[in-house]
>>> print(open('work.cif').read())   # mmCIF, C-alpha atoms; chains and numbers go by the auth columns
data_model
loop_
_atom_site.group_PDB
_atom_site.id
_atom_site.type_symbol
_atom_site.label_atom_id
_atom_site.label_comp_id
_atom_site.label_asym_id
_atom_site.label_seq_id
_atom_site.Cartn_x
_atom_site.Cartn_y
_atom_site.Cartn_z
_atom_site.B_iso_or_equiv
_atom_site.auth_seq_id
_atom_site.auth_asym_id
ATOM 1 C CA MET A 1 -176.894 15.174 -157.964 0.00 1 Q
ATOM 2 C CA ARG A 2 -179.247 18.145 -157.914 0.00 2 Q
ATOM 3 C CA LYS A 3 -180.839 16.977 -161.173 0.00 3 Q
ATOM 4 C CA VAL A 4 -181.388 13.535 -159.680 0.00 4 Q
ATOM 5 C CA ILE A 5 -183.183 14.978 -156.633 0.00 5 Q
ATOM 6 C CA VAL A 6 -185.414 17.145 -158.824 0.00 6 Q
ATOM 7 C CA PHE A 7 -186.222 14.124 -160.994 0.00 7 Q
ATOM 8 C CA LEU A 8 -187.188 12.026 -157.978 0.00 8 Q
ATOM 9 C CA LEU A 9 -189.446 14.771 -156.598 0.00 9 Q
ATOM 10 C CA CYS A 10 -191.208 15.125 -159.936 0.00 10 Q
ATOM 11 C CA ALA A 11 -191.651 11.372 -160.147 0.00 11 Q
ATOM 12 C CA LEU A 12 -193.289 11.309 -156.701 0.00 12 Q
ATOM 13 C CA PHE A 13 -195.815 13.955 -157.720 0.00 13 Q
ATOM 14 C CA LEU A 14 -196.601 12.305 -161.064 0.00 14 Q
ATOM 15 C CA LEU A 15 -196.681 8.703 -159.805 0.00 15 Q
ATOM 16 C CA PRO A 16 -200.285 8.717 -158.486 0.00 16 Q
ATOM 17 C CA ALA A 17 -201.555 9.869 -161.889 0.00 17 Q
ATOM 18 C CA CYS A 18 -199.945 6.873 -163.598 0.00 18 Q
ATOM 19 C CA HIS A 19 -201.893 4.272 -161.628 0.00 19 Q
ATOM 20 C CA LYS A 20 -205.497 3.194 -161.732 0.00 20 Q
ATOM 21 C CA GLN A 21 -207.643 4.023 -158.729 0.00 21 Q
ATOM 22 C CA VAL A 22 -207.649 1.242 -156.156 0.00 22 Q
ATOM 23 C CA LYS A 23 -210.884 0.419 -154.360 0.00 23 Q
ATOM 24 C CA VAL A 24 -211.069 -1.666 -151.192 0.00 24 Q
ATOM 25 C CA VAL A 25 -213.840 -4.241 -151.622 0.00 25 Q
ATOM 26 C CA SER A 26 -213.363 -6.315 -148.479 0.00 26 Q
ATOM 27 C CA VAL A 27 -211.369 -6.498 -145.249 0.00 27 Q
ATOM 28 C CA SER A 28 -210.658 -9.543 -143.133 0.00 28 Q
ATOM 29 C CA THR A 29 -209.019 -9.711 -139.713 0.00 29 Q
ATOM 30 C CA GLU A 30 -207.504 -12.444 -137.612 0.00 30 Q
ATOM 31 C CA ALA A 31 -207.104 -12.431 -133.842 0.00 31 Q
ATOM 32 C CA LEU A 32 -203.570 -13.219 -132.747 0.00 32 Q
ATOM 33 C CA PRO A 33 -203.490 -14.497 -129.146 0.00 33 Q
ATOM 34 C CA VAL A 34 -200.944 -12.947 -126.804 0.00 34 Q
ATOM 35 C CA ASP A 35 -200.451 -15.786 -124.338 0.00 35 Q
ATOM 36 C CA ALA A 36 -198.092 -18.668 -123.584 0.00 36 Q
ATOM 37 C CA SER A 37 -198.110 -19.634 -127.259 0.00 37 Q
ATOM 38 C CA SER A 38 -195.949 -16.559 -127.909 0.00 38 Q
ATOM 39 C CA ASP A 39 -193.190 -17.727 -125.554 0.00 39 Q
ATOM 40 C CA ALA A 40 -191.360 -19.442 -128.409 0.00 40 Q
ATOM 41 C CA ILE A 41 -190.569 -16.065 -130.027 0.00 41 Q
ATOM 42 C CA GLN A 42 -189.607 -14.164 -126.881 0.00 42 Q
ATOM 43 C CA ASP A 43 -186.251 -12.435 -126.691 0.00 43 Q
ATOM 44 C CA THR A 44 -184.468 -14.598 -124.127 0.00 44 Q
ATOM 45 C CA VAL A 45 -181.331 -12.437 -124.142 0.00 45 Q
ATOM 46 C CA TYR A 46 -183.357 -9.338 -123.263 0.00 46 Q
ATOM 47 C CA LEU A 47 -185.288 -11.211 -120.571 0.00 47 Q
ATOM 48 C CA LYS A 48 -182.016 -12.376 -119.011 0.00 48 Q
ATOM 49 C CA GLN A 49 -180.752 -8.776 -118.878 0.00 49 Q
ATOM 50 C CA LEU A 50 -184.063 -7.610 -117.423 0.00 50 Q
ATOM 51 C CA ALA A 51 -184.290 -10.331 -114.751 0.00 51 Q
ATOM 52 C CA PRO A 52 -182.179 -8.647 -112.016 0.00 52 Q
ATOM 53 C CA ILE A 53 -184.028 -5.344 -112.482 0.00 53 Q
ATOM 54 C CA LYS A 54 -187.385 -7.131 -112.277 0.00 54 Q
ATOM 55 C CA ALA A 55 -186.340 -9.014 -109.150 0.00 55 Q
ATOM 56 C CA ASP A 56 -185.166 -5.811 -107.440 0.00 56 Q
ATOM 57 C CA LEU A 57 -188.390 -3.984 -108.326 0.00 57 Q
ATOM 58 C CA GLU A 58 -190.563 -6.820 -107.070 0.00 58 Q
ATOM 59 C CA GLN A 59 -188.637 -6.843 -103.804 0.00 59 Q
ATOM 60 C CA GLN A 60 -189.245 -3.110 -103.335 0.00 60 Q
ATOM 61 C CA LEU A 61 -192.955 -3.334 -104.158 0.00 61 Q
ATOM 62 C CA ASN A 62 -193.731 -6.489 -102.189 0.00 62 Q
ATOM 63 C CA VAL A 63 -193.552 -4.639 -98.882 0.00 63 Q
ATOM 64 C CA GLN A 64 -196.579 -4.572 -96.588 0.00 64 Q
ATOM 65 C CA ILE A 65 -197.565 -1.031 -95.587 0.00 65 Q
ATOM 66 C CA GLY A 66 -201.074 -1.652 -94.247 0.00 66 Q
ATOM 67 C CA TYR A 67 -203.848 -4.156 -93.661 0.00 67 Q
ATOM 68 C CA ALA A 68 -207.484 -4.364 -94.790 0.00 68 Q
ATOM 69 C CA PRO A 69 -209.694 -6.468 -92.495 0.00 69 Q
ATOM 70 C CA GLU A 70 -212.419 -6.506 -95.192 0.00 70 Q
ATOM 71 C CA ARG A 71 -212.386 -6.434 -98.997 0.00 71 Q
ATOM 72 C CA LEU A 72 -212.480 -2.964 -100.522 0.00 72 Q
ATOM 73 C CA TRP A 73 -214.626 -3.758 -103.548 0.00 73 Q
ATOM 74 C CA VAL A 74 -215.407 -1.596 -106.566 0.00 74 Q
ATOM 75 C CA GLY A 75 -218.876 -0.958 -108.027 0.00 75 Q
ATOM 76 C CA ASP A 76 -221.367 1.733 -109.043 0.00 76 Q
ATOM 77 C CA PRO A 77 -222.612 4.126 -107.833 0.00 77 Q
ATOM 78 C CA GLU A 78 -220.686 3.981 -104.564 0.00 78 Q
ATOM 79 C CA CYS A 79 -218.231 1.468 -103.114 0.00 79 Q
ATOM 80 C CA PRO A 80 -215.706 1.082 -100.282 0.00 80 Q
ATOM 81 C CA MET A 81 -212.649 1.379 -102.565 0.00 81 Q
ATOM 82 C CA LEU A 82 -213.861 4.615 -104.144 0.00 82 Q
ATOM 83 C CA ASN A 83 -214.893 6.074 -100.789 0.00 83 Q
ATOM 84 C CA TRP A 84 -211.514 5.228 -99.284 0.00 84 Q
ATOM 85 C CA ALA A 85 -209.622 6.779 -102.197 0.00 85 Q
ATOM 86 C CA THR A 86 -211.705 9.968 -102.154 0.00 86 Q
ATOM 87 C CA ASP A 87 -211.435 10.357 -98.378 0.00 87 Q
ATOM 88 C CA ALA A 88 -207.671 9.794 -98.563 0.00 88 Q
ATOM 89 C CA LEU A 89 -207.308 12.464 -101.243 0.00 89 Q
ATOM 90 C CA TRP A 90 -209.463 14.888 -99.250 0.00 90 Q
ATOM 91 C CA GLU A 91 -207.425 14.414 -96.075 0.00 91 Q
ATOM 92 C CA ALA A 92 -204.150 14.777 -97.996 0.00 92 Q
ATOM 93 C CA ALA A 93 -205.361 18.009 -99.595 0.00 93 Q
ATOM 94 C CA LYS A 94 -206.260 19.449 -96.203 0.00 94 Q
ATOM 95 C CA LYS A 95 -202.653 18.980 -95.076 0.00 95 Q
ATOM 96 C CA VAL A 96 -201.037 20.809 -97.987 0.00 96 Q
ATOM 97 C CA TYR A 97 -203.588 23.377 -99.181 0.00 97 Q
ATOM 98 C CA PRO A 98 -203.235 26.653 -97.241 0.00 98 Q
ATOM 99 C CA GLU A 99 -207.019 27.183 -96.919 0.00 99 Q
ATOM 100 C CA LYS A 100 -210.099 25.077 -96.257 0.00 100 Q
ATOM 101 C CA VAL A 101 -210.832 22.205 -98.656 0.00 101 Q
ATOM 102 C CA ASP A 102 -214.581 21.696 -98.924 0.00 102 Q
ATOM 103 C CA ILE A 103 -214.838 18.503 -100.971 0.00 103 Q
ATOM 104 C CA ALA A 104 -212.899 15.942 -102.989 0.00 104 Q
ATOM 105 C CA ILE A 105 -213.754 14.267 -106.292 0.00 105 Q
ATOM 106 C CA VAL A 106 -212.338 11.002 -107.690 0.00 106 Q
ATOM 107 C CA ASN A 107 -213.598 9.219 -110.802 0.00 107 Q
ATOM 108 C CA MET A 108 -214.871 5.645 -110.733 0.00 108 Q
ATOM 109 C CA GLY A 109 -212.794 4.886 -113.849 0.00 109 Q
ATOM 110 C CA GLY A 110 -209.666 5.702 -111.876 0.00 110 Q
ATOM 111 C CA MET A 111 -210.193 2.682 -109.633 0.00 111 Q
ATOM 112 C CA ARG A 112 -208.011 0.161 -111.477 0.00 112 Q
ATOM 113 C CA CYS A 113 -208.394 -2.636 -108.958 0.00 113 Q
ATOM 114 C CA GLU A 114 -209.987 -3.635 -105.698 0.00 114 Q
ATOM 115 C CA TRP A 115 -208.091 -4.630 -102.568 0.00 115 Q
ATOM 116 C CA PRO A 116 -208.906 -8.033 -101.080 0.00 116 Q
ATOM 117 C CA ALA A 117 -208.933 -8.467 -97.336 0.00 117 Q
ATOM 118 C CA GLY A 118 -205.421 -8.933 -96.046 0.00 118 Q
ATOM 119 C CA PRO A 119 -202.033 -7.221 -96.354 0.00 119 Q
ATOM 120 C CA ILE A 120 -201.797 -4.063 -98.469 0.00 120 Q
ATOM 121 C CA THR A 121 -198.436 -3.765 -100.224 0.00 121 Q
ATOM 122 C CA LYS A 122 -196.824 -0.975 -102.200 0.00 122 Q
ATOM 123 C CA GLU A 123 -197.564 -3.021 -105.310 0.00 123 Q
ATOM 124 C CA LYS A 124 -201.311 -2.870 -104.604 0.00 124 Q
ATOM 125 C CA VAL A 125 -201.159 0.931 -104.423 0.00 125 Q
ATOM 126 C CA PHE A 126 -199.398 1.022 -107.796 0.00 126 Q
ATOM 127 C CA GLU A 127 -202.106 -1.273 -109.195 0.00 127 Q
ATOM 128 C CA LEU A 128 -204.801 1.083 -107.917 0.00 128 Q
ATOM 129 C CA MET A 129 -203.080 4.200 -109.259 0.00 129 Q
ATOM 130 C CA PRO A 130 -200.671 3.310 -112.086 0.00 130 Q
ATOM 131 C CA PHE A 131 -200.761 6.880 -113.442 0.00 131 Q
ATOM 132 C CA ASP A 132 -198.710 9.919 -112.447 0.00 132 Q
ATOM 133 C CA ASN A 133 -201.795 12.073 -111.794 0.00 133 Q
ATOM 134 C CA GLU A 134 -201.238 14.924 -109.356 0.00 134 Q
ATOM 135 C CA LEU A 135 -203.377 16.575 -106.705 0.00 135 Q
ATOM 136 C CA VAL A 136 -204.905 19.945 -107.579 0.00 136 Q
ATOM 137 C CA VAL A 137 -207.394 22.123 -105.710 0.00 137 Q
ATOM 138 C CA LEU A 138 -209.955 24.030 -107.748 0.00 138 Q
ATOM 139 C CA THR A 139 -212.168 26.882 -106.601 0.00 139 Q
ATOM 140 C CA LEU A 140 -215.609 26.548 -108.191 0.00 140 Q
ATOM 141 C CA LYS A 141 -218.874 28.452 -108.029 0.00 141 Q
ATOM 142 C CA GLY A 142 -221.754 26.640 -106.387 0.00 142 Q
ATOM 143 C CA GLU A 143 -223.670 26.624 -109.656 0.00 143 Q
ATOM 144 C CA ASP A 144 -220.823 24.627 -111.218 0.00 144 Q
ATOM 145 C CA ILE A 145 -220.839 22.192 -108.288 0.00 145 Q
ATOM 146 C CA ILE A 146 -224.512 21.602 -109.045 0.00 146 Q
ATOM 147 C CA SER A 147 -223.748 21.207 -112.750 0.00 147 Q
ATOM 148 C CA LEU A 148 -221.035 18.682 -111.864 0.00 148 Q
ATOM 149 C CA CYS A 149 -223.476 16.650 -109.799 0.00 149 Q
ATOM 150 C CA GLU A 150 -226.010 16.753 -112.625 0.00 150 Q
ATOM 151 C CA SER A 151 -223.413 14.992 -114.768 0.00 151 Q
ATOM 152 C CA PHE A 152 -223.031 12.399 -111.994 0.00 152 Q
ATOM 153 C CA ALA A 153 -226.785 11.848 -112.175 0.00 153 Q
ATOM 154 C CA LYS A 154 -226.675 11.439 -115.944 0.00 154 Q
ATOM 155 C CA TYR A 155 -223.590 9.263 -116.317 0.00 155 Q
ATOM 156 C CA GLY A 156 -223.426 7.356 -113.024 0.00 156 Q
ATOM 157 C CA GLY A 157 -221.826 7.748 -109.627 0.00 157 Q
ATOM 158 C CA GLN A 158 -218.378 9.135 -108.952 0.00 158 Q
ATOM 159 C CA GLY A 159 -216.279 9.357 -105.816 0.00 159 Q
ATOM 160 C CA VAL A 160 -217.117 12.247 -103.487 0.00 160 Q
ATOM 161 C CA ALA A 161 -215.981 13.266 -100.016 0.00 161 Q
ATOM 162 C CA GLY A 162 -217.343 16.125 -97.934 0.00 162 Q
ATOM 163 C CA MET A 163 -220.623 16.120 -99.812 0.00 163 Q
ATOM 164 C CA ARG A 164 -223.763 14.064 -100.292 0.00 164 Q
ATOM 165 C CA VAL A 165 -225.509 13.650 -103.625 0.00 165 Q
ATOM 166 C CA THR A 166 -229.016 12.258 -104.108 0.00 166 Q
ATOM 167 C CA VAL A 167 -230.312 11.261 -107.528 0.00 167 Q
ATOM 168 C CA ILE A 168 -233.902 10.160 -108.171 0.00 168 Q
ATOM 169 C CA ASP A 169 -234.932 8.622 -111.476 0.00 169 Q
ATOM 170 C CA GLY A 170 -231.792 9.914 -113.188 0.00 170 Q
ATOM 171 C CA ASN A 171 -232.273 13.496 -112.018 0.00 171 Q
ATOM 172 C CA LEU A 172 -230.320 15.385 -109.379 0.00 172 Q
ATOM 173 C CA ALA A 173 -232.614 15.755 -106.356 0.00 173 Q
ATOM 174 C CA ASP A 174 -230.243 17.157 -103.731 0.00 174 Q
ATOM 175 C CA VAL A 175 -226.586 18.057 -103.219 0.00 175 Q
ATOM 176 C CA GLN A 176 -225.119 19.119 -99.906 0.00 176 Q
ATOM 177 C CA VAL A 177 -221.647 20.247 -98.863 0.00 177 Q
ATOM 178 C CA GLY A 178 -220.833 20.173 -95.179 0.00 178 Q
ATOM 179 C CA GLY A 179 -224.434 19.265 -94.372 0.00 179 Q
ATOM 180 C CA LYS A 180 -225.882 22.312 -96.139 0.00 180 Q
ATOM 181 C CA ALA A 181 -227.502 22.763 -99.534 0.00 181 Q
ATOM 182 C CA VAL A 182 -225.080 24.132 -102.121 0.00 182 Q
ATOM 183 C CA ASP A 183 -225.387 27.885 -102.626 0.00 183 Q
ATOM 184 C CA PRO A 184 -225.160 28.578 -106.384 0.00 184 Q
ATOM 185 C CA LYS A 185 -223.454 31.915 -105.750 0.00 185 Q
ATOM 186 C CA ALA A 186 -220.934 30.752 -103.135 0.00 186 Q
ATOM 187 C CA LEU A 187 -217.401 29.500 -103.820 0.00 187 Q
ATOM 188 C CA TYR A 188 -216.212 25.992 -102.937 0.00 188 Q
ATOM 189 C CA THR A 189 -212.766 24.377 -103.003 0.00 189 Q
ATOM 190 C CA VAL A 190 -212.490 20.964 -104.672 0.00 190 Q
ATOM 191 C CA ALA A 191 -209.566 18.553 -104.304 0.00 191 Q
ATOM 192 C CA THR A 192 -209.186 16.368 -107.380 0.00 192 Q
ATOM 193 C CA SER A 193 -206.625 15.227 -109.967 0.00 193 Q
ATOM 194 C CA ASP A 194 -205.023 17.303 -112.692 0.00 194 Q
ATOM 195 C CA TYR A 195 -206.481 14.732 -115.102 0.00 195 Q
ATOM 196 C CA LEU A 196 -210.077 15.434 -114.081 0.00 196 Q
ATOM 197 C CA SER A 197 -209.485 19.184 -113.952 0.00 197 Q
ATOM 198 C CA GLY A 198 -209.392 19.029 -117.747 0.00 198 Q
ATOM 199 C CA GLY A 199 -213.063 18.023 -117.823 0.00 199 Q
ATOM 200 C CA THR A 200 -212.593 14.324 -118.553 0.00 200 Q
ATOM 201 C CA ASP A 201 -215.179 11.668 -117.601 0.00 201 Q
ATOM 202 C CA HIS A 202 -218.012 14.120 -118.335 0.00 202 Q
ATOM 203 C CA MET A 203 -216.741 16.548 -115.674 0.00 203 Q
ATOM 204 C CA GLU A 204 -216.677 19.639 -117.889 0.00 204 Q
ATOM 205 C CA ALA A 205 -217.855 21.728 -114.918 0.00 205 Q
ATOM 206 C CA LEU A 206 -214.393 21.349 -113.350 0.00 206 Q
ATOM 207 C CA THR A 207 -212.877 23.374 -116.193 0.00 207 Q
ATOM 208 C CA ARG A 208 -214.875 26.441 -115.114 0.00 208 Q
ATOM 209 C CA TYR A 209 -212.742 26.980 -112.024 0.00 209 Q
ATOM 210 C CA VAL A 210 -212.177 30.452 -110.591 0.00 210 Q
ATOM 211 C CA GLU A 211 -208.782 29.485 -109.173 0.00 211 Q
ATOM 212 C CA TYR A 212 -206.410 26.564 -109.818 0.00 212 Q
ATOM 213 C CA TRP A 213 -203.861 25.397 -107.250 0.00 213 Q
ATOM 214 C CA LYS A 214 -201.306 22.740 -108.200 0.00 214 Q
ATOM 215 C CA SER A 215 -199.604 20.715 -105.485 0.00 215 Q
ATOM 216 C CA ASP A 216 -196.933 18.925 -107.586 0.00 216 Q
ATOM 217 C CA LEU A 217 -197.710 15.842 -105.472 0.00 217 Q
ATOM 218 C CA LYS A 218 -198.508 12.515 -107.112 0.00 218 Q
ATOM 219 C CA ILE A 219 -201.786 11.038 -105.922 0.00 219 Q
ATOM 220 C CA ARG A 220 -200.203 7.584 -105.818 0.00 220 Q
ATOM 221 C CA ASP A 221 -197.685 8.841 -103.240 0.00 221 Q
ATOM 222 C CA LEU A 222 -200.507 10.383 -101.200 0.00 222 Q
ATOM 223 C CA TYR A 223 -202.362 7.055 -101.225 0.00 223 Q
ATOM 224 C CA MET A 224 -199.167 5.304 -100.165 0.00 224 Q
ATOM 225 C CA GLU A 225 -198.814 7.681 -97.223 0.00 225 Q
ATOM 226 C CA ALA A 226 -202.490 7.252 -96.306 0.00 226 Q
ATOM 227 C CA VAL A 227 -202.179 3.463 -96.139 0.00 227 Q
ATOM 228 C CA GLN A 228 -199.064 3.698 -93.962 0.00 228 Q
ATOM 229 C CA THR A 229 -200.652 6.260 -91.649 0.00 229 Q
ATOM 230 C CA GLN A 230 -203.945 4.392 -91.235 0.00 230 Q
ATOM 231 C CA ASP A 231 -202.234 0.981 -90.925 0.00 231 Q
ATOM 232 C CA THR A 232 -205.656 -0.718 -90.716 0.00 232 Q
ATOM 233 C CA LEU A 233 -207.893 0.364 -93.583 0.00 233 Q
ATOM 234 C CA ARG A 234 -211.637 0.618 -93.090 0.00 234 Q
ATOM 235 C CA ALA A 235 -214.143 1.904 -95.629 0.00 235 Q
ATOM 236 C CA ALA A 236 -217.814 1.298 -96.309 0.00 236 Q
ATOM 237 C CA VAL A 237 -220.770 2.470 -98.351 0.00 237 Q
ATOM 238 C CA ASP A 238 -222.382 5.295 -96.354 0.00 238 Q
ATOM 239 C CA GLY A 239 -224.918 6.854 -98.737 0.00 239 Q
ATOM 240 C CA ARG A 240 -222.848 9.804 -99.882 0.00 240 Q
ATOM 241 C CA MET A 241 -223.763 8.980 -103.513 0.00 241 Q
ATOM 242 C CA THR A 242 -227.359 7.753 -103.530 0.00 242 Q
ATOM 243 C CA MET A 243 -229.219 6.887 -106.708 0.00 243 Q
ATOM 244 C CA LYS A 244 -232.876 5.945 -106.340 0.00 244 Q
ATOM 245 C CA PRO A 245 -235.230 4.685 -109.072 0.00 245 Q
#
>>> encode(input="work.cif", output="structure tokens")
Amino acid sequence: MRKVIVFLLCALFLLPACHKQVKVVSVSTEALPVDASSDAIQDTVYLKQLAPIKADLEQQLNVQIGYAPERLWVGDPECPMLNWATDALWEAAKKVYPEKVDIAIVNMGGMRCEWPAGPITKEKVFELMPFDNELVVLTLKGEDIISLCESFAKYGGQGVAGMRVTVIDGNLADVQVGGKAVDPKALYTVATSDYLSGGTDHMEALTRYVEYWKSDLKIRDLYMEAVQTQDTLRAAVDGRMTMKP
């Protein structure tokens, strides 16, 4: 048996040398639609087993927890949905972080849907935040806050709360926290997600934190609580992220 194994190993090493070199001269692709035409090959047995679980989940998620009198739309560089989400995260951080929370940051790419006017269900919150991102609070130097806002100016608006950012012709013109110009040497606390704390979405400045506080709270749950607490959701564009030509 040992001789057989040794023979097979040798054959594997020698096999490439026994063949002519293969060169790819062309590649063709074909789009395969994933729609109703695929229903004929679906696993009906599996779907039957899944049906009661799906029905139970839909019943749990289709529960109204709030109401939006107006549509919370999504769009650059600032929008009601992003402002609501950032404000909600900021307020949640204030409740659990033992010290003052100066600002909050949420990325535009994290807004996975808008909310039409009408009832807000648990399902809509899951649609907005389908990820298990958690709330963290970072302590940053003012110079890194400015650097962060420079990336906003370069790559487009992001969600901010507790601060106002003005961009003119693609360049950062002004950034204020609490109504005052950011002091490059001062320290500021920033509520955000553990995902963004890794510097994603061009937010490398967030990785230069002085302190890192982890809440172990899922942002989706915090949004859920915010909707239930507010009951009637109101959000608007207020000029916190202004980009002028």
>>> resolve_selection(input="work.cif", expression="the PyMOL selection byres ((chain Q and resi 97) around 12)", output="ChimeraX atom specification")
/Q:89-96,98-102,135-139,189-191,212-217
>>> resolve_selection(input="work.cif", expression="the PyMOL selection byres ((chain Q and resi 155) around 12)", output="PyMOL selection string")
chain Q and resi 76-77+107-109+148-154+156-158+167+170-172+201-203+243
>>> atom_distance(input="work.cif", atom1="CA of Gln228 in chain Q", atom2="CA of Phe126 in chain Q")
14.1 Å
>>> residues_around(input="work.cif", residues="range 61-74 of chain Q", least_positions_apart="5", cutoff="8 Å", atoms="only C-alpha atoms", output="PDB file with C-alpha atoms, in the frame of the given file")
ATOM      1  CA  CYS Q  79    -218.231   1.468-103.114  1.00  0.00           C
ATOM      2  CA  PRO Q  80    -215.706   1.082-100.282  1.00  0.00           C
ATOM      3  CA  MET Q  81    -212.649   1.379-102.565  1.00  0.00           C
ATOM      4  CA  LEU Q  82    -213.861   4.615-104.144  1.00  0.00           C
ATOM      5  CA  MET Q 111    -210.193   2.682-109.633  1.00  0.00           C
ATOM      6  CA  CYS Q 113    -208.394  -2.636-108.958  1.00  0.00           C
ATOM      7  CA  GLU Q 114    -209.987  -3.635-105.698  1.00  0.00           C
ATOM      8  CA  TRP Q 115    -208.091  -4.630-102.568  1.00  0.00           C
ATOM      9  CA  PRO Q 116    -208.906  -8.033-101.080  1.00  0.00           C
ATOM     10  CA  ALA Q 117    -208.933  -8.467 -97.336  1.00  0.00           C
ATOM     11  CA  GLY Q 118    -205.421  -8.933 -96.046  1.00  0.00           C
ATOM     12  CA  PRO Q 119    -202.033  -7.221 -96.354  1.00  0.00           C
ATOM     13  CA  ILE Q 120    -201.797  -4.063 -98.469  1.00  0.00           C
ATOM     14  CA  THR Q 121    -198.436  -3.765-100.224  1.00  0.00           C
ATOM     15  CA  LYS Q 122    -196.824  -0.975-102.200  1.00  0.00           C
ATOM     16  CA  GLU Q 123    -197.564  -3.021-105.310  1.00  0.00           C
ATOM     17  CA  MET Q 224    -199.167   5.304-100.165  1.00  0.00           C
ATOM     18  CA  VAL Q 227    -202.179   3.463 -96.139  1.00  0.00           C
ATOM     19  CA  GLN Q 228    -199.064   3.698 -93.962  1.00  0.00           C
ATOM     20  CA  GLN Q 230    -203.945   4.392 -91.235  1.00  0.00           C
ATOM     21  CA  ASP Q 231    -202.234   0.981 -90.925  1.00  0.00           C
ATOM     22  CA  THR Q 232    -205.656  -0.718 -90.716  1.00  0.00           C
ATOM     23  CA  LEU Q 233    -207.893   0.364 -93.583  1.00  0.00           C
ATOM     24  CA  ARG Q 234    -211.637   0.618 -93.090  1.00  0.00           C
ATOM     25  CA  ALA Q 235    -214.143   1.904 -95.629  1.00  0.00           C
TER      26      ALA Q 235
END
>>> atom_distance(input="work.cif", atom1="CA of Lys54 in chain Q", atom2="CA of Leu32 in chain Q")
26.8 Å
>>> atom_distance(input="work.cif", atom1="CA of Thr86 in chain Q", atom2="CA of Gln59 in chain Q")
28.6 Å
>>> resolve_selection(input="work.cif", expression="the PyMOL selection byres ((chain Q and resi 210) around 6)", output="list in words")
Thr139, Leu140, Tyr209 and Glu211 of chain Q
